[in-house]
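K.L.:
What follows is the file work.cif, containing mmCIF, C-alpha atoms and all ligand atoms:
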```cif
data_protein
#
loop_
_atom_site.group_PDB
_atom_site.id
_atom_site.type_symbol
_atom_site.label_atom_id
_atom_site.label_comp_id
_atom_site.auth_asym_id
_atom_site.auth_seq_id
_atom_site.Cartn_x
_atom_site.Cartn_y
_atom_site.Cartn_z
ATOM 1 C CA MET A 1 37.479 -3.808 11.006
ATOM 2 C CA ASP A 2 39.298 -4.590 7.850
ATOM 3 C CA PHE A 3 38.506 -2.348 4.850
ATOM 4 C CA LYS A 4 40.258 -1.856 1.540
ATOM 5 C CA LEU A 5 40.150 1.559 -0.134
ATOM 6 C CA ILE A 6 39.153 1.264 -3.788
ATOM 7 C CA ASN A 7 38.925 3.622 -6.799
ATOM 8 C CA THR A 8 36.195 3.986 -9.426
ATOM 9 C CA GLU A 9 37.140 0.980 -11.584
ATOM 10 C CA ASP A 10 37.629 -1.251 -8.557
ATOM 11 C CA THR A 11 34.321 -0.131 -7.082
ATOM 12 C CA VAL A 12 32.482 -0.959 -10.291
ATOM 13 C CA SER A 13 34.128 -4.358 -10.754
ATOM 14 C CA ARG A 14 33.784 -5.329 -7.086
ATOM 15 C CA LEU A 15 30.135 -4.316 -7.118
ATOM 16 C CA LEU A 16 29.511 -6.547 -10.146
ATOM 17 C CA ASN A 17 31.394 -9.356 -8.387
ATOM 18 C CA LEU A 18 29.317 -8.833 -5.263
ATOM 19 C CA LEU A 19 26.193 -9.438 -7.378
ATOM 20 C CA ARG A 20 27.695 -12.378 -9.288
ATOM 21 C CA GLU A 21 28.997 -14.163 -6.210
ATOM 22 C CA ALA A 22 25.959 -13.636 -3.958
ATOM 23 C CA ARG A 23 24.260 -16.835 -2.875
ATOM 24 C CA GLU A 24 21.613 -15.647 -0.447
ATOM 25 C CA ARG A 25 20.858 -11.958 -0.565
ATOM 26 C CA VAL A 26 21.928 -8.603 -1.914
ATOM 27 C CA ILE A 27 20.908 -5.151 -0.766
ATOM 28 C CA LEU A 28 21.747 -2.316 -3.149
ATOM 29 C CA ILE A 29 21.325 1.145 -1.655
ATOM 30 C CA SER A 30 21.756 3.894 -4.232
ATOM 31 C CA PRO A 31 19.872 7.205 -4.099
ATOM 32 C CA TYR A 32 20.186 7.909 -7.807
ATOM 33 C CA VAL A 33 19.685 5.108 -10.271
ATOM 34 C CA THR A 34 19.623 4.840 -14.037
ATOM 35 C CA LEU A 35 21.317 1.438 -14.262
ATOM 36 C CA GLY A 36 19.841 -1.953 -13.491
ATOM 37 C CA ALA A 37 17.795 -2.819 -16.555
ATOM 38 C CA GLU A 38 19.615 -4.016 -19.683
ATOM 39 C CA ASP A 39 23.171 -3.175 -18.640
ATOM 40 C CA ARG A 40 25.907 -5.030 -16.701
ATOM 41 C CA VAL A 41 24.263 -4.263 -13.380
ATOM 42 C CA GLY A 42 20.879 -5.350 -14.704
ATOM 43 C CA ARG A 43 22.241 -8.584 -16.135
ATOM 44 C CA SER A 44 23.909 -9.387 -12.819
ATOM 45 C CA ILE A 45 20.676 -8.635 -10.943
ATOM 46 C CA ARG A 46 18.736 -10.885 -13.305
ATOM 47 C CA GLU A 47 21.248 -13.714 -12.912
ATOM 48 C CA ALA A 48 21.193 -13.353 -9.130
ATOM 49 C CA LEU A 49 17.391 -13.517 -9.097
ATOM 50 C CA ALA A 50 17.545 -16.602 -11.304
ATOM 51 C CA ARG A 51 19.836 -18.218 -8.699
ATOM 52 C CA LYS A 52 17.117 -17.498 -6.089
ATOM 53 C CA VAL A 53 19.158 -14.761 -4.432
ATOM 54 C CA LYS A 54 16.955 -12.198 -2.685
ATOM 55 C CA VAL A 55 17.809 -8.865 -4.264
ATOM 56 C CA THR A 56 16.602 -5.571 -2.811
ATOM 57 C CA LEU A 57 17.185 -2.177 -4.398
ATOM 58 C CA VAL A 58 16.660 0.921 -2.276
ATOM 59 C CA TYR A 59 16.633 4.302 -4.016
ATOM 60 C CA ARG A 60 15.655 7.879 -3.239
ATOM 61 C CA GLU A 61 12.154 9.158 -3.811
ATOM 62 C CA ASP A 62 10.895 12.443 -2.353
ATOM 63 C CA ASP A 63 9.773 15.911 -3.431
ATOM 64 C CA GLN A 64 13.159 16.774 -4.910
ATOM 65 C CA THR A 65 14.067 13.416 -6.364
ATOM 66 C CA THR A 66 11.977 10.902 -8.211
ATOM 67 C CA PRO A 67 13.374 8.191 -10.443
ATOM 68 C CA LYS A 68 12.654 8.439 -14.144
ATOM 69 C CA GLU A 69 9.413 6.747 -15.144
ATOM 70 C CA ASN A 70 11.195 4.901 -17.945
ATOM 71 C CA TRP A 71 13.726 3.499 -15.477
ATOM 72 C CA LEU A 72 10.915 2.249 -13.247
ATOM 73 C CA ALA A 73 9.215 0.695 -16.272
ATOM 74 C CA ALA A 74 12.507 -0.909 -17.339
ATOM 75 C CA MET A 75 12.923 -2.427 -13.864
ATOM 76 C CA LYS A 76 9.497 -4.037 -13.949
ATOM 77 C CA PRO A 77 10.624 -7.382 -15.399
ATOM 78 C CA HIS A 78 13.088 -7.644 -12.483
ATOM 79 C CA VAL A 79 10.326 -6.771 -10.026
ATOM 80 C CA ASP A 80 8.125 -9.461 -11.551
ATOM 81 C CA ALA A 81 11.101 -11.842 -11.192
ATOM 82 C CA GLY A 82 11.362 -11.070 -7.481
ATOM 83 C CA LEU A 83 13.440 -7.886 -7.140
ATOM 84 C CA LYS A 84 12.227 -5.823 -4.193
ATOM 85 C CA LEU A 85 12.238 -2.081 -4.819
ATOM 86 C CA TYR A 86 11.981 0.363 -1.944
ATOM 87 C CA ALA A 87 11.919 4.138 -1.957
ATOM 88 C CA VAL A 88 13.438 6.203 0.839
ATOM 89 C CA PRO A 89 13.006 9.990 1.118
ATOM 90 C CA GLY A 90 16.196 11.970 1.714
ATOM 91 C CA LEU A 91 18.427 8.976 0.993
ATOM 92 C CA HIS A 92 22.042 9.907 0.331
ATOM 93 C CA ALA A 93 23.963 6.841 1.578
ATOM 94 C CA LYS A 94 25.379 4.384 -0.934
ATOM 95 C CA LEU A 95 25.951 0.909 0.379
ATOM 96 C CA TYR A 96 26.050 -2.470 -1.346
ATOM 97 C CA LEU A 97 25.810 -5.597 0.737
ATOM 98 C CA SER A 98 25.657 -9.338 0.195
ATOM 99 C CA GLU A 99 25.971 -12.112 2.755
ATOM 100 C CA SER A 100 29.738 -12.052 2.209
ATOM 101 C CA THR A 101 30.785 -8.617 0.958
ATOM 102 C CA VAL A 102 30.105 -4.964 1.744
ATOM 103 C CA ILE A 103 30.975 -1.860 -0.265
ATOM 104 C CA ILE A 104 30.474 1.603 1.202
ATOM 105 C CA THR A 105 31.082 4.140 -1.530
ATOM 106 C CA SER A 106 30.313 7.441 -3.224
ATOM 107 C CA LEU A 107 29.177 5.514 -6.325
ATOM 108 C CA ASN A 108 25.524 5.664 -7.361
ATOM 109 C CA LEU A 109 24.058 3.193 -9.851
ATOM 110 C CA LEU A 110 24.238 5.885 -12.524
ATOM 111 C CA ALA A 111 25.635 5.301 -15.988
ATOM 112 C CA SER A 112 27.438 8.661 -15.794
ATOM 113 C CA SER A 113 29.082 7.742 -12.467
ATOM 114 C CA PHE A 114 30.294 4.418 -13.845
ATOM 115 C CA LEU A 115 31.927 6.165 -16.796
ATOM 116 C CA ASN A 116 32.926 9.700 -15.891
ATOM 117 C CA SER A 117 33.055 10.301 -12.154
ATOM 118 C CA ILE A 118 35.896 9.935 -9.712
ATOM 119 C CA GLU A 119 34.530 7.694 -6.976
ATOM 120 C CA VAL A 120 35.937 6.156 -3.843
ATOM 121 C CA GLY A 121 34.877 3.132 -1.889
ATOM 122 C CA LEU A 122 35.584 0.897 1.058
ATOM 123 C CA TRP A 123 35.340 -2.809 0.371
ATOM 124 C CA SER A 124 35.308 -5.539 2.978
ATOM 125 C CA THR A 125 34.510 -9.179 3.597
ATOM 126 C CA ASP A 126 35.233 -8.850 7.320
ATOM 127 C CA PRO A 127 32.319 -10.412 9.272
ATOM 128 C CA GLU A 128 32.354 -7.481 11.705
ATOM 129 C CA ALA A 129 32.005 -5.015 8.808
ATOM 130 C CA LEU A 130 29.089 -7.050 7.399
ATOM 131 C CA LYS A 131 27.433 -7.064 10.779
ATOM 132 C CA GLN A 132 27.743 -3.330 11.224
ATOM 133 C CA ALA A 133 26.499 -2.642 7.682
ATOM 134 C CA GLN A 134 23.450 -4.820 8.369
ATOM 135 C CA ALA A 135 22.843 -3.025 11.674
ATOM 136 C CA PHE A 136 23.080 0.331 9.890
ATOM 137 C CA ILE A 137 20.445 -0.787 7.378
ATOM 138 C CA GLU A 138 18.119 -2.001 10.146
ATOM 139 C CA LYS A 139 18.424 1.226 12.103
ATOM 140 C CA GLU A 140 18.836 3.973 9.492
ATOM 141 C CA ILE A 141 17.221 2.687 6.300
ATOM 142 C CA LYS A 142 14.436 0.208 7.000
ATOM 143 C CA PRO A 143 12.316 2.511 9.199
ATOM 144 C CA HIS A 144 12.050 4.971 6.279
ATOM 145 C CA VAL A 145 11.177 2.720 3.358
ATOM 146 C CA ARG A 146 8.082 3.362 1.273
ATOM 147 C CA ALA A 147 6.495 1.499 -1.567
ATOM 148 C CA PRO A 148 7.883 2.634 -4.919
ATOM 149 C CA SER A 149 5.888 4.620 -7.473
ATOM 150 C CA PRO A 150 3.034 2.690 -9.074
ATOM 151 C CA ALA A 151 5.069 2.325 -12.298
ATOM 152 C CA ALA A 152 7.397 -0.066 -10.490
ATOM 153 C CA GLN A 153 4.747 -2.153 -8.755
ATOM 154 C CA PRO A 154 4.560 -5.810 -9.749
ATOM 155 C CA SER A 155 2.080 -6.565 -12.495
ATOM 156 C CA ARG A 156 -1.457 -6.895 -11.282
ATOM 157 C CA PRO A 157 -4.539 -8.191 -12.986
ATOM 158 C CA ALA A 158 -6.283 -5.586 -15.135
ATOM 159 C CA PRO A 159 -8.855 -3.578 -13.106
ATOM 160 C CA ALA A 160 -11.875 -5.397 -14.567
ATOM 161 C CA GLU A 161 -10.377 -8.778 -13.775
ATOM 162 C CA SER A 162 -9.273 -7.719 -10.304
ATOM 163 C CA LYS A 163 -12.724 -6.314 -9.512
ATOM 164 C CA ALA A 164 -14.328 -9.570 -10.587
ATOM 165 C CA ARG A 165 -11.884 -11.489 -8.422
ATOM 166 C CA THR A 166 -12.240 -9.331 -5.337
ATOM 167 C CA ARG A 167 -15.956 -8.633 -5.649
ATOM 168 C CA ALA A 168 -17.075 -12.240 -5.960
ATOM 169 C CA PRO A 169 -16.045 -13.510 -2.508
ATOM 170 C CA ARG A 170 -17.103 -10.234 -0.899
ATOM 171 C CA LYS A 171 -20.409 -11.854 0.099
ATOM 172 C CA GLN A 172 -18.616 -13.768 2.819
ATOM 173 C CA GLN A 173 -19.268 -11.596 5.849
ATOM 174 C CA ASP A 174 -16.016 -12.370 7.665
ATOM 175 C CA GLY A 175 -13.812 -12.313 4.545
ATOM 176 C CA GLY A 176 -10.803 -10.031 4.359
ATOM 177 C CA TYR A 177 -8.266 -9.311 1.656
ATOM 178 C CA CYS A 178 -4.487 -9.420 1.520
ATOM 179 C CA LEU A 179 -3.097 -5.862 1.374
ATOM 180 C CA ARG A 180 -0.504 -6.844 -1.207
ATOM 181 C CA CYS A 181 -2.023 -9.398 -3.581
ATOM 182 C CA GLY A 182 -5.758 -8.908 -2.938
ATOM 183 C CA ASP A 183 -6.392 -12.606 -2.297
ATOM 184 C CA SER A 184 -9.230 -13.535 0.014
ATOM 185 C CA ILE A 185 -8.027 -14.185 3.593
ATOM 186 C CA PRO A 186 -9.711 -14.197 7.035
ATOM 187 C CA LEU A 187 -10.643 -10.735 8.265
ATOM 188 C CA ASN A 188 -8.086 -9.820 10.912
ATOM 189 C CA PRO A 189 -6.742 -6.258 10.785
ATOM 190 C CA SER A 190 -3.722 -7.272 12.867
ATOM 191 C CA ARG A 191 -2.803 -9.894 10.250
ATOM 192 C CA PRO A 192 -3.885 -8.314 6.948
ATOM 193 C CA TYR A 193 -1.556 -10.295 4.665
ATOM 194 C CA CYS A 194 -1.692 -13.745 3.156
ATOM 195 C CA ARG A 195 0.978 -16.099 4.500
ATOM 196 C CA GLU A 196 3.407 -15.497 1.641
ATOM 197 C CA ASP A 197 3.106 -11.712 1.655
ATOM 198 C CA PHE A 198 3.281 -11.579 5.440
ATOM 199 C CA ALA A 199 6.643 -13.357 5.317
ATOM 200 C CA GLU A 200 7.802 -10.783 2.782
ATOM 201 C CA TRP A 201 6.457 -7.860 4.809
ATOM 202 C CA ALA A 202 8.049 -9.221 7.991
ATOM 203 C CA GLU A 203 11.524 -9.004 6.460
ATOM 204 C CA TRP A 204 11.333 -5.216 6.660
ATOM 205 C CA GLU A 205 8.561 -4.890 9.258
ATOM 206 C CA ASN A 206 7.604 -1.400 8.196
ATOM 207 C CA VAL A 207 4.100 -0.701 9.526
ATOM 208 C CA ASP A 208 3.782 2.324 7.205
ATOM 209 C CA TYR A 209 4.712 0.494 4.000
ATOM 210 C CA GLU A 210 1.954 1.303 1.520
ATOM 211 C CA ASP A 211 0.480 -1.717 -0.221
ATOM 212 C CA ASN A 212 -2.283 -2.115 -2.755
ATOM 213 C CA TYR A 213 -5.662 -3.131 -1.333
ATOM 214 C CA CYS A 214 -7.974 -2.450 1.589
ATOM 215 C CA HIS A 215 -8.052 -5.420 3.956
ATOM 216 C CA GLY A 216 -11.794 -4.983 4.515
ATOM 217 C CA CYS A 217 -13.239 -4.566 1.010
ATOM 218 C CA GLY A 218 -10.372 -5.425 -1.375
ATOM 219 C CA ASP A 219 -10.635 -2.120 -3.239
ATOM 220 C CA ASP A 220 -7.520 -0.315 -4.480
ATOM 221 C CA HIS A 221 -6.174 1.543 -1.453
ATOM 222 C CA PRO A 222 -2.688 2.432 -0.151
ATOM 223 C CA ALA A 223 -3.271 0.262 2.924
ATOM 224 C CA THR A 224 -0.546 -0.313 5.501
ATOM 225 C CA MET A 225 -0.044 -2.658 8.442
ATOM 226 C CA ALA A 226 -0.754 0.340 10.710
ATOM 227 C CA LYS A 227 -3.896 1.324 8.746
ATOM 228 C CA PRO A 228 -5.086 -1.718 6.804
ATOM 229 C CA LEU A 229 -8.611 -0.437 6.162
ATOM 230 C CA CYS A 230 -9.950 2.208 3.783
ATOM 231 C CA ARG A 231 -11.956 5.028 5.325
ATOM 232 C CA ASP A 232 -15.336 3.347 4.710
ATOM 233 C CA CYS A 233 -14.240 0.015 6.182
ATOM 234 C CA TYR A 234 -12.588 1.754 9.129
ATOM 235 C CA ARG A 235 -15.808 3.658 9.867
ATOM 236 C CA LYS A 236 -17.847 0.460 9.672
ATOM 237 C CA ALA A 237 -15.378 -1.319 11.957
ATOM 238 C CA VAL A 238 -15.494 1.314 14.700
ATOM 239 C CA SER A 239 -19.239 2.009 14.562
HETATM 240 ZN ZN ZN B 301 -1.099 -11.750 -0.436
HETATM 241 ZN ZN ZN B 302 -12.263 -1.004 2.444
#
```
Would you mind giving the structure from this file in structure tokens?

P.N.:
Amino acid sequence: MDFKLINTEDTVSRLLNLLREARERVILISPYVTLGAEDRVGRSIREALARKVKVTLVYREDDQTTPKENWLAAMKPHVDAGLKLYAVPGLHAKLYLSESTVIITSLNLLASSFLNSIEVGLWSTDPEALKQAQAFIEKEIKPHVRAPSPAAQPSRPAPAESKARTRAPRKQQDGGYCLRCGDSIPLNPSRPYCREDFAEWAEWENVDYEDNYCHGCGDDHPATMAKPLCRDCYRKAVS
């Protein structure tokens, strides 16, 4: 495999180029993140999303490490524009991947790292390197992803509005609800997403990814593919 060793400045500029040149998809894996809103990284993310590039940002979230609430809030416009945010406990790997470029580096998406740290990276456009980076993500990252903190969730209708929307069709006896968007769909606990959200879920296929609504009643609930029903609906289903 062909890799080029790069220093801090090169890592930063090649990372920005990776975002600017991406045509299909970008996966940014950075445990610690303060950048991505109104800075160079954020602008490049926004431009990529505007070009219909699928951009995913994976960061660390666990007992020791949670991202700053104001960062999550600042990322929300990107999330509404299509950025996928995923949290992974214990994450320490830093890896940036597009369909054509991979960077494996010590560099986090932190303002302080961009300015003050001494970083090192490996940069490659070798197809074999891309393939192995993708395989690493499939095997080591995807099985551990969780939904991000509520502050970073895409905008939802206000509670009153959402209740009105989900309560109205509840009369239909066989009606179910999409775990992610709350839309009315056929009741089928093995297919608890609408078509669009299922396609999105299937990209990462994480059965423990916590979404927003109970499939059975449409109430707010951290439902997952593995457990799509709230306790009440589950009890009703098994009794
Ligand atoms: Zn949906
Ligand atoms: Zn329920």

K.L.:
Which residues come within 9 Å of Glu119 of chain A, counting all atoms listed in the file, excluding same-chain residues fewer than 6 positions away, as an mmCIF file with C-alpha atoms, keeping the file's coordinate frame?

P.N.:
```cif
data_model
loop_
_atom_site.group_PDB
_atom_site.id
_atom_site.type_symbol
_atom_site.label_atom_id
_atom_site.label_comp_id
_atom_site.auth_asym_id
_atom_site.auth_seq_id
_atom_site.Cartn_x
_atom_site.Cartn_y
_atom_site.Cartn_z
ATOM 1 C CA ILE A 6 39.153 1.264 -3.788
ATOM 2 C CA ASN A 7 38.925 3.622 -6.799
ATOM 3 C CA THR A 8 36.195 3.986 -9.426
ATOM 4 C CA GLU A 9 37.140 0.980 -11.584
ATOM 5 C CA THR A 11 34.321 -0.131 -7.082
ATOM 6 C CA THR A 105 31.082 4.140 -1.530
ATOM 7 C CA SER A 106 30.313 7.441 -3.224
ATOM 8 C CA LEU A 107 29.177 5.514 -6.325
ATOM 9 C CA SER A 113 29.082 7.742 -12.467
#
```

K.L.:
Name all residues at most 12 Å from Gln132 of chain A (count all atoms listed in the file; drop same-chain ones fewer than 6 positions away) and give them as a PyMOL selection string.

P.N.:
chain A and resi 1+95+97+101-102+104+124-126+138-140

K.L.:
Just say which residues the PyMOL selection byres (((chain A and resi 179) around 12) and not hetatm) picks in this file, as a PyMOL selection string.

P.N.:
chain A and resi 166+176-178+180-185+187-198+201+209-230

K.L.:
Name the residues captured by the PyMOL selection byres (((chain A and resi 50-66) around 6) and not hetatm) when it is applied to the shown file; answer as an mmCIF file with C-alpha atoms, in the frame of the given file.

P.N.:
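Below is the file result-v5.cif, written as the result:
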```
data_model
loop_
_atom_site.group_PDB
_atom_site.id
_atom_site.type_symbol
_atom_site.label_atom_id
_atom_site.label_comp_id
_atom_site.auth_asym_id
_atom_site.auth_seq_id
_atom_site.Cartn_x
_atom_site.Cartn_y
_atom_site.Cartn_z
ATOM 1 C CA ARG A 23 24.260 -16.835 -2.875
ATOM 2 C CA GLU A 24 21.613 -15.647 -0.447
ATOM 3 C CA ARG A 25 20.858 -11.958 -0.565
ATOM 4 C CA VAL A 26 21.928 -8.603 -1.914
ATOM 5 C CA ILE A 27 20.908 -5.151 -0.766
ATOM 6 C CA LEU A 28 21.747 -2.316 -3.149
ATOM 7 C CA ILE A 29 21.325 1.145 -1.655
ATOM 8 C CA SER A 30 21.756 3.894 -4.232
ATOM 9 C CA PRO A 31 19.872 7.205 -4.099
ATOM 10 C CA GLU A 47 21.248 -13.714 -12.912
ATOM 11 C CA ALA A 48 21.193 -13.353 -9.130
ATOM 12 C CA LEU A 49 17.391 -13.517 -9.097
ATOM 13 C CA PRO A 67 13.374 8.191 -10.443
ATOM 14 C CA LEU A 83 13.440 -7.886 -7.140
ATOM 15 C CA LYS A 84 12.227 -5.823 -4.193
ATOM 16 C CA LEU A 85 12.238 -2.081 -4.819
ATOM 17 C CA TYR A 86 11.981 0.363 -1.944
ATOM 18 C CA ALA A 87 11.919 4.138 -1.957
ATOM 19 C CA VAL A 88 13.438 6.203 0.839
ATOM 20 C CA PRO A 89 13.006 9.990 1.118
ATOM 21 C CA LEU A 91 18.427 8.976 0.993
#
```

K.L.:
Which one of A:Ala147, A:Ala199, A:Val79, A:Val238 sits closest to ligand ZN 301 (chain B) if you count all atoms listed in the file?

P.N.:
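Of A:Ala147, A:Ala199, A:Val79, A:Val238, the one nearest ligand ZN 301 (chain B), counting all atoms listed in the file, is A:Ala199.
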
K.L.:
Could you tell me how far atom CA of Glu99 of chain A lies from atom CA of Ser117 of chain A, in Å and to one decimal?

P.N.:
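Between these atoms lies a distance of 27.8 Å.
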
K.L.:
Rounded to one decimal in Å, what is the spacing between atom CA of Leu110 of chain A and atom CA of Arg20 of chain A?

P.N.:
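Spanning atom CA of Leu110 of chain A to atom CA of Arg20 of chain A is a straight-line distance of 18.9 Å.
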
K.L.:
When you count all atoms listed in the file, which of these residues is closest to ligand ZN 301 (chain B): A:Pro186, A:Asp39, A:Val120, A:Leu115?

P.N.:
A:Pro186

K.L.:
Please, what distance in Å, to one decimal, runs between atom CA of Glu203 of chain A and atom CA of Lys142 of chain A?

P.N.:
9.7 Å

K.L.:
My list of candidates is A:Ser239, A:Ser98, A:Tyr234, A:Gly90. Which is closest to ligand ZN 302 (chain B) when distances are computed with all atoms listed in the file?

P.N.:
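Among the listed residues, the smallest separation from ligand ZN 302 (chain B) belongs to A:Tyr234.
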
K.L.:
Around segment 232-236 of chain A, fit a box with edges along x, y and z, padding it by 8 Å on each side, then list its centre and edge lengths in Å to one decimal as AutoDock Vina command-line options.

P.N.:
```
--center_x -15.2 --center_y 1.8 --center_z 7.3 --size_x 21.3 --size_y 19.6 --size_z 21.2
```

K.L.:
Looking at only C-alpha atoms and all ligand atoms, which of A:Arg231, A:Phe3, A:Ile103, A:Ala237 is the one that sits closest to ligand ZN 302 (chain B)?

P.N.:
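The closest residue to ligand ZN 302 (chain B) is A:Arg231.
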
K.L.:
Which is closest to ligand ZN 301 (chain B) among A:Asp208, A:Asp232, A:Asp10, A:Glu200, if we use all atoms listed in the file?

P.N.:
A:Glu200

K.L.:
Please write the residues picked by the PyMOL selection byres (((chain A and resi 111) around 12) and not hetatm) on this file as a list in words.

P.N.:
Val12, Tyr32, Val33, Thr34, Leu35, Gly36, Ala37, Glu38, Asp39, Arg40, Val41, Gly42, Leu107, Asn108, Leu109, Leu110, Ser112, Ser113, Phe114, Leu115, Asn116 and Ser117 of chain A
